[in-house]
>>> print(open('input.cif').read())   # mmCIF, N, CA and C atoms
data_coords
loop_
_atom_site.label_atom_id
_atom_site.label_comp_id
_atom_site.auth_asym_id
_atom_site.auth_seq_id
_atom_site.Cartn_x
_atom_site.Cartn_y
_atom_site.Cartn_z
N MET A 1 -2.26 -1.99 -4.21
CA MET A 1 -3.35 -1.77 -5.14
C MET A 1 -3.34 -0.31 -5.57
N LYS A 2 -3.85 -0.07 -6.74
CA LYS A 2 -3.90 1.29 -7.26
C LYS A 2 -4.66 2.19 -6.30
N GLY A 3 -4.06 3.33 -6.00
CA GLY A 3 -4.69 4.29 -5.11
C GLY A 3 -4.18 4.24 -3.69
N ASP A 4 -3.51 3.14 -3.31
CA ASP A 4 -2.90 3.10 -1.97
C ASP A 4 -1.90 4.23 -1.87
N ARG A 5 -1.82 4.83 -0.70
CA ARG A 5 -0.87 5.93 -0.53
C ARG A 5 -0.27 5.91 0.86
N VAL A 6 0.95 6.43 0.96
CA VAL A 6 1.62 6.62 2.24
C VAL A 6 2.02 8.08 2.30
N GLU A 7 1.65 8.72 3.39
CA GLU A 7 1.97 10.13 3.61
C GLU A 7 3.05 10.21 4.67
N ILE A 8 4.13 10.95 4.39
CA ILE A 8 5.26 11.07 5.29
C ILE A 8 5.42 12.53 5.68
N VAL A 9 5.43 12.81 6.98
CA VAL A 9 5.65 14.17 7.48
C VAL A 9 7.05 14.19 8.07
N VAL A 10 7.89 15.13 7.56
CA VAL A 10 9.30 15.18 7.92
C VAL A 10 9.63 16.54 8.54
N ASP A 11 10.45 16.54 9.59
CA ASP A 11 10.95 17.76 10.20
C ASP A 11 12.04 18.33 9.31
N ALA A 12 11.82 19.56 8.84
CA ALA A 12 12.79 20.20 7.95
C ALA A 12 13.41 21.43 8.62
N GLY A 13 13.77 21.29 9.88
CA GLY A 13 14.37 22.42 10.60
C GLY A 13 13.31 23.29 11.24
N ASP A 14 13.02 24.42 10.64
CA ASP A 14 12.05 25.36 11.21
C ASP A 14 10.62 25.08 10.75
N THR A 15 10.42 24.13 9.87
CA THR A 15 9.09 23.80 9.36
C THR A 15 8.98 22.29 9.13
N THR A 16 7.80 21.87 8.70
CA THR A 16 7.62 20.46 8.34
C THR A 16 7.28 20.37 6.86
N ARG A 17 7.62 19.25 6.28
CA ARG A 17 7.29 18.99 4.88
C ARG A 17 6.54 17.68 4.80
N THR A 18 5.58 17.63 3.88
CA THR A 18 4.77 16.44 3.70
C THR A 18 5.02 15.86 2.31
N TYR A 19 5.26 14.57 2.26
CA TYR A 19 5.49 13.86 1.01
C TYR A 19 4.47 12.74 0.90
N GLU A 20 4.10 12.39 -0.32
CA GLU A 20 3.17 11.29 -0.57
C GLU A 20 3.76 10.36 -1.62
N VAL A 21 3.64 9.07 -1.36
CA VAL A 21 3.99 8.06 -2.35
C VAL A 21 2.70 7.30 -2.64
N VAL A 22 2.29 7.27 -3.92
CA VAL A 22 1.01 6.70 -4.31
C VAL A 22 1.23 5.59 -5.32
N ALA A 23 0.47 4.50 -5.17
CA ALA A 23 0.48 3.43 -6.17
C ALA A 23 -0.31 3.94 -7.36
N SER A 24 0.38 4.30 -8.43
CA SER A 24 -0.23 5.03 -9.54
C SER A 24 -0.92 4.15 -10.58
N ARG A 25 -0.60 2.88 -10.65
CA ARG A 25 -1.19 2.00 -11.65
C ARG A 25 -1.74 0.74 -11.00
N ALA A 26 -2.60 0.07 -11.73
CA ALA A 26 -3.18 -1.18 -11.23
C ALA A 26 -2.07 -2.22 -11.04
N GLY A 27 -2.16 -2.98 -9.96
CA GLY A 27 -1.18 -4.01 -9.69
C GLY A 27 0.02 -3.54 -8.90
N ARG A 28 0.13 -2.25 -8.67
CA ARG A 28 1.25 -1.75 -7.88
C ARG A 28 0.82 -1.55 -6.44
N ARG A 29 1.80 -1.61 -5.55
CA ARG A 29 1.52 -1.41 -4.14
C ARG A 29 2.61 -0.52 -3.55
N VAL A 30 2.35 -0.02 -2.35
CA VAL A 30 3.31 0.83 -1.66
C VAL A 30 3.81 0.06 -0.44
N GLU A 31 5.13 -0.04 -0.29
CA GLU A 31 5.73 -0.75 0.83
C GLU A 31 6.57 0.21 1.65
N THR A 32 6.61 -0.01 2.96
CA THR A 32 7.45 0.79 3.85
C THR A 32 8.43 -0.13 4.55
N ALA A 33 9.62 0.40 4.80
CA ALA A 33 10.65 -0.36 5.51
C ALA A 33 11.49 0.60 6.33
N VAL A 34 11.87 0.17 7.52
CA VAL A 34 12.77 0.95 8.37
C VAL A 34 14.01 0.11 8.59
N ARG A 35 15.14 0.61 8.09
CA ARG A 35 16.41 -0.12 8.18
C ARG A 35 17.53 0.84 8.53
N ARG A 36 18.29 0.50 9.56
CA ARG A 36 19.50 1.25 9.92
C ARG A 36 19.28 2.75 10.00
N GLY A 37 18.20 3.17 10.60
CA GLY A 37 17.94 4.58 10.79
C GLY A 37 17.41 5.29 9.56
N VAL A 38 16.97 4.54 8.55
CA VAL A 38 16.43 5.13 7.33
C VAL A 38 15.03 4.55 7.08
N VAL A 39 14.08 5.44 6.82
CA VAL A 39 12.73 5.02 6.46
C VAL A 39 12.64 5.06 4.94
N GLU A 40 12.28 3.93 4.33
CA GLU A 40 12.16 3.87 2.87
C GLU A 40 10.73 3.52 2.50
N VAL A 41 10.13 4.34 1.67
CA VAL A 41 8.78 4.10 1.17
C VAL A 41 8.90 3.96 -0.34
N SER A 42 8.42 2.82 -0.88
CA SER A 42 8.61 2.58 -2.31
C SER A 42 7.35 2.05 -2.96
N GLU A 43 7.19 2.41 -4.23
CA GLU A 43 6.11 1.88 -5.06
C GLU A 43 6.68 0.67 -5.79
N VAL A 44 5.99 -0.47 -5.68
CA VAL A 44 6.52 -1.74 -6.16
C VAL A 44 5.53 -2.37 -7.12
N THR A 45 6.04 -3.00 -8.19
CA THR A 45 5.18 -3.71 -9.14
C THR A 45 4.83 -5.09 -8.59
N ARG A 46 4.02 -5.83 -9.33
CA ARG A 46 3.61 -7.17 -8.90
C ARG A 46 4.79 -8.11 -8.70
N ASN A 47 5.80 -8.00 -9.56
CA ASN A 47 6.94 -8.92 -9.47
C ASN A 47 8.04 -8.41 -8.54
N GLY A 48 7.82 -7.29 -7.85
CA GLY A 48 8.77 -6.82 -6.85
C GLY A 48 9.75 -5.76 -7.30
N THR A 49 9.65 -5.29 -8.54
CA THR A 49 10.54 -4.25 -9.04
C THR A 49 10.12 -2.90 -8.47
N VAL A 50 11.09 -2.17 -7.93
CA VAL A 50 10.82 -0.85 -7.36
C VAL A 50 10.71 0.16 -8.49
N VAL A 51 9.57 0.87 -8.53
CA VAL A 51 9.34 1.88 -9.56
C VAL A 51 9.88 3.23 -9.10
N ARG A 52 9.55 3.58 -7.86
CA ARG A 52 10.07 4.82 -7.28
C ARG A 52 10.20 4.63 -5.79
N ALA A 53 11.16 5.32 -5.19
CA ALA A 53 11.39 5.17 -3.76
C ALA A 53 11.70 6.53 -3.14
N ALA A 54 11.33 6.68 -1.89
CA ALA A 54 11.65 7.88 -1.12
C ALA A 54 12.32 7.43 0.16
N ARG A 55 13.44 8.08 0.51
CA ARG A 55 14.18 7.71 1.71
C ARG A 55 14.32 8.92 2.61
N PHE A 56 14.13 8.68 3.91
CA PHE A 56 14.20 9.75 4.90
C PHE A 56 14.96 9.24 6.11
N MET A 57 15.69 10.12 6.78
CA MET A 57 16.34 9.75 8.03
C MET A 57 15.25 9.53 9.08
N ALA A 58 15.32 8.41 9.78
CA ALA A 58 14.26 8.03 10.72
C ALA A 58 14.09 9.04 11.85
N ASN A 59 15.17 9.69 12.29
CA ASN A 59 15.03 10.65 13.38
C ASN A 59 14.39 11.97 12.93
N ARG A 60 14.20 12.16 11.63
CA ARG A 60 13.52 13.35 11.10
C ARG A 60 12.05 13.10 10.76
N VAL A 61 11.64 11.85 10.71
CA VAL A 61 10.26 11.51 10.35
C VAL A 61 9.37 11.73 11.57
N LEU A 62 8.37 12.60 11.41
CA LEU A 62 7.42 12.87 12.50
C LEU A 62 6.21 11.95 12.43
N ALA A 63 5.74 11.65 11.23
CA ALA A 63 4.57 10.79 11.07
C ALA A 63 4.67 10.03 9.75
N LEU A 64 4.16 8.80 9.79
CA LEU A 64 4.10 7.95 8.61
C LEU A 64 2.68 7.37 8.59
N VAL A 65 1.86 7.83 7.65
CA VAL A 65 0.44 7.46 7.63
C VAL A 65 0.17 6.65 6.38
N GLU A 66 -0.27 5.39 6.58
CA GLU A 66 -0.65 4.53 5.46
C GLU A 66 -2.14 4.69 5.23
N GLN A 67 -2.53 4.98 3.99
CA GLN A 67 -3.93 5.19 3.65
C GLN A 67 -4.32 4.23 2.53
N PRO A 68 -4.75 3.02 2.89
CA PRO A 68 -5.15 2.06 1.86
C PRO A 68 -6.49 2.43 1.25
N VAL A 69 -6.68 2.01 0.00
CA VAL A 69 -7.96 2.19 -0.68
C VAL A 69 -8.92 1.15 -0.12
N PRO A 70 -10.17 1.52 0.18
CA PRO A 70 -11.13 0.51 0.67
C PRO A 70 -11.30 -0.61 -0.35
N ARG A 71 -11.20 -1.85 0.11
CA ARG A 71 -11.32 -3.02 -0.75
C ARG A 71 -12.76 -3.52 -0.75
N GLU A 72 -13.17 -4.13 -1.85
CA GLU A 72 -14.48 -4.78 -1.93
C GLU A 72 -14.35 -6.15 -1.31
N ASP A 73 -15.27 -6.50 -0.44
CA ASP A 73 -15.30 -7.84 0.13
C ASP A 73 -15.82 -8.79 -0.94
N SER A 74 -15.26 -9.99 -1.02
CA SER A 74 -15.65 -10.92 -2.08
C SER A 74 -17.12 -11.33 -1.97
N SER A 75 -17.70 -11.29 -0.77
CA SER A 75 -19.11 -11.65 -0.62
C SER A 75 -20.04 -10.54 -1.09
N GLU A 76 -19.52 -9.32 -1.28
CA GLU A 76 -20.34 -8.19 -1.72
C GLU A 76 -20.38 -8.04 -3.23
N LYS A 77 -19.61 -8.83 -3.96
CA LYS A 77 -19.58 -8.69 -5.41
C LYS A 77 -20.90 -9.17 -6.00
N PRO A 78 -21.38 -8.48 -7.04
CA PRO A 78 -22.63 -8.92 -7.65
C PRO A 78 -22.45 -10.29 -8.30
N GLY A 79 -23.51 -11.09 -8.24
CA GLY A 79 -23.47 -12.41 -8.85
C GLY A 79 -23.00 -13.49 -7.90
N HIS A 80 -22.61 -13.12 -6.69
CA HIS A 80 -22.18 -14.11 -5.71
C HIS A 80 -23.41 -14.75 -5.08
N ILE A 81 -23.51 -16.06 -5.21
CA ILE A 81 -24.71 -16.77 -4.77
C ILE A 81 -24.59 -17.24 -3.32
N GLY A 82 -23.41 -17.61 -2.88
CA GLY A 82 -23.22 -18.02 -1.51
C GLY A 82 -23.41 -19.50 -1.28
N ARG A 83 -23.35 -20.31 -2.32
CA ARG A 83 -23.44 -21.75 -2.15
C ARG A 83 -22.15 -22.38 -2.66
N PRO A 84 -21.84 -23.58 -2.23
CA PRO A 84 -20.59 -24.21 -2.69
C PRO A 84 -20.64 -24.51 -4.18
N LEU A 85 -19.46 -24.64 -4.76
CA LEU A 85 -19.39 -24.91 -6.19
C LEU A 85 -19.92 -26.28 -6.54
N ARG A 86 -19.74 -27.25 -5.65
CA ARG A 86 -20.20 -28.61 -5.93
C ARG A 86 -20.95 -29.13 -4.71
N GLU A 87 -22.09 -29.68 -4.93
CA GLU A 87 -22.89 -30.25 -3.85
C GLU A 87 -22.33 -31.62 -3.50
N ASP A 88 -22.35 -31.96 -2.20
CA ASP A 88 -21.94 -33.29 -1.76
C ASP A 88 -23.03 -34.29 -2.14
N PRO A 89 -22.66 -35.45 -2.66
CA PRO A 89 -23.69 -36.44 -3.02
C PRO A 89 -24.33 -36.99 -1.74
N GLU A 90 -25.62 -37.16 -1.82
CA GLU A 90 -26.34 -37.72 -0.67
C GLU A 90 -26.20 -39.22 -0.69
N THR A 91 -25.95 -39.78 0.49
CA THR A 91 -25.79 -41.23 0.56
C THR A 91 -26.93 -41.87 1.30
#
>>> encode(input="input.cif", output="structure tokens")
Amino acid sequence: MKGDRVEIVVDAGDTTRTYEVVASRAGRRVETAVRRGVVEVSEVTRNGTVVRAARFMANRVLALVEQPVPREDSSEKPGHIGRPLREDPET
């Protein structure tokens, strides 16, 4: 969802560096994957196309923090009545 972000802290020798990958548009999400010693964080569209990706060596990654945007619960939306769409007929 738009606004989701992943923050990556990487050991850069004598210092650390922080990178952020953010879902910049509506309908996009941020996915993380660890494969063969590589951490990949990518911004993905609804149909699965990678828009941008960041790759880091897994032994250099100090922290990987996922920060999702708070979601609205469906019961909290205005106009929600809380009754079924169709009443059962009484017999």
>>> residues_around(input="input.cif", residues="Arg60 of chain A", least_positions_apart="4", cutoff="6 Å", atoms="all atoms listed in the file", output="MDAnalysis selection string")
chainID A and resid 9:11
>>> resolve_selection(input="input.cif", expression="the PyMOL selection byres (((chain A and resi 64 and name CA) around 6) and name CA)", output="ChimeraX atom specification")
/A:7-8,63,65
>>> atom_distance(input="input.cif", atom1="atom CA of Asp4 of chain A", atom2="atom CA of Ser42 of chain A")
11.5 Å
>>> residues_near_point(input="input.cif", point="(-5.2, 6.1, 1.8)", cutoff="7 Å", atoms="only N, CA and C atoms", output="PDB file with N, CA and C atoms, keeping the file's coordinate frame")
ATOM      1  N   GLY A   3      -4.060   3.330  -6.000  1.00  0.00           N
ATOM      2  CA  GLY A   3      -4.690   4.290  -5.110  1.00  0.00           C
ATOM      3  C   GLY A   3      -4.180   4.240  -3.690  1.00  0.00           C
ATOM      4  N   ASP A   4      -3.510   3.140  -3.310  1.00  0.00           N
ATOM      5  CA  ASP A   4      -2.900   3.100  -1.970  1.00  0.00           C
ATOM      6  C   ASP A   4      -1.900   4.230  -1.870  1.00  0.00           C
ATOM      7  N   ARG A   5      -1.820   4.830  -0.700  1.00  0.00           N
ATOM      8  CA  ARG A   5      -0.870   5.930  -0.530  1.00  0.00           C
ATOM      9  C   ARG A   5      -0.270   5.910   0.860  1.00  0.00           C
ATOM     10  N   VAL A   6       0.950   6.430   0.960  1.00  0.00           N
ATOM     11  CA  VAL A   6       1.620   6.620   2.240  1.00  0.00           C
ATOM     12  C   VAL A   6       2.020   8.080   2.300  1.00  0.00           C
ATOM     13  N   GLU A  66      -0.270   5.390   6.580  1.00  0.00           N
ATOM     14  CA  GLU A  66      -0.650   4.530   5.460  1.00  0.00           C
ATOM     15  C   GLU A  66      -2.140   4.690   5.230  1.00  0.00           C
ATOM     16  N   GLN A  67      -2.530   4.980   3.990  1.00  0.00           N
ATOM     17  CA  GLN A  67      -3.930   5.190   3.650  1.00  0.00           C
ATOM     18  C   GLN A  67      -4.320   4.230   2.530  1.00  0.00           C
ATOM     19  N   PRO A  68      -4.750   3.020   2.890  1.00  0.00           N
ATOM     20  CA  PRO A  68      -5.150   2.060   1.860  1.00  0.00           C
ATOM     21  C   PRO A  68      -6.490   2.430   1.250  1.00  0.00           C
ATOM     22  N   VAL A  69      -6.680   2.010   0.000  1.00  0.00           N
ATOM     23  CA  VAL A  69      -7.960   2.190  -0.680  1.00  0.00           C
ATOM     24  C   VAL A  69      -8.920   1.150  -0.120  1.00  0.00           C
ATOM     25  N   PRO A  70     -10.170   1.520   0.180  1.00  0.00           N
ATOM     26  CA  PRO A  70     -11.130   0.510   0.670  1.00  0.00           C
ATOM     27  C   PRO A  70     -11.300  -0.610  -0.350  1.00  0.00           C
TER      28      PRO A  70
END
>>> resolve_selection(input="input.cif", expression="the PyMOL selection byres ((chain A and resi 27) around 6.5)", output="PyMOL selection string")
chain A and resi 1-2+25-26+28-29+44-46
>>> atom_distance(input="input.cif", atom1="atom CA of Asp14 of chain A", atom2="atom CA of Arg52 of chain A")
27.7 Å
>>> residues_around(input="input.cif", residues="Ala53 of chain A", least_positions_apart="5", cutoff="6.5 Å", atoms="all atoms listed in the file", output="JSON, numbers by chain")
{"A": [40, 41, 42, 43]}
>>> atom_distance(input="input.cif", atom1="atom N of Val38 of chain A", atom2="atom N of Ala12 of chain A")
15.9 Å
>>> resolve_selection(input="input.cif", expression="the PyMOL selection byres (((chain A and resi 56 and name CA) around 6) and name CA)", output="PyMOL selection string")
chain A and resi 38-39+55+57
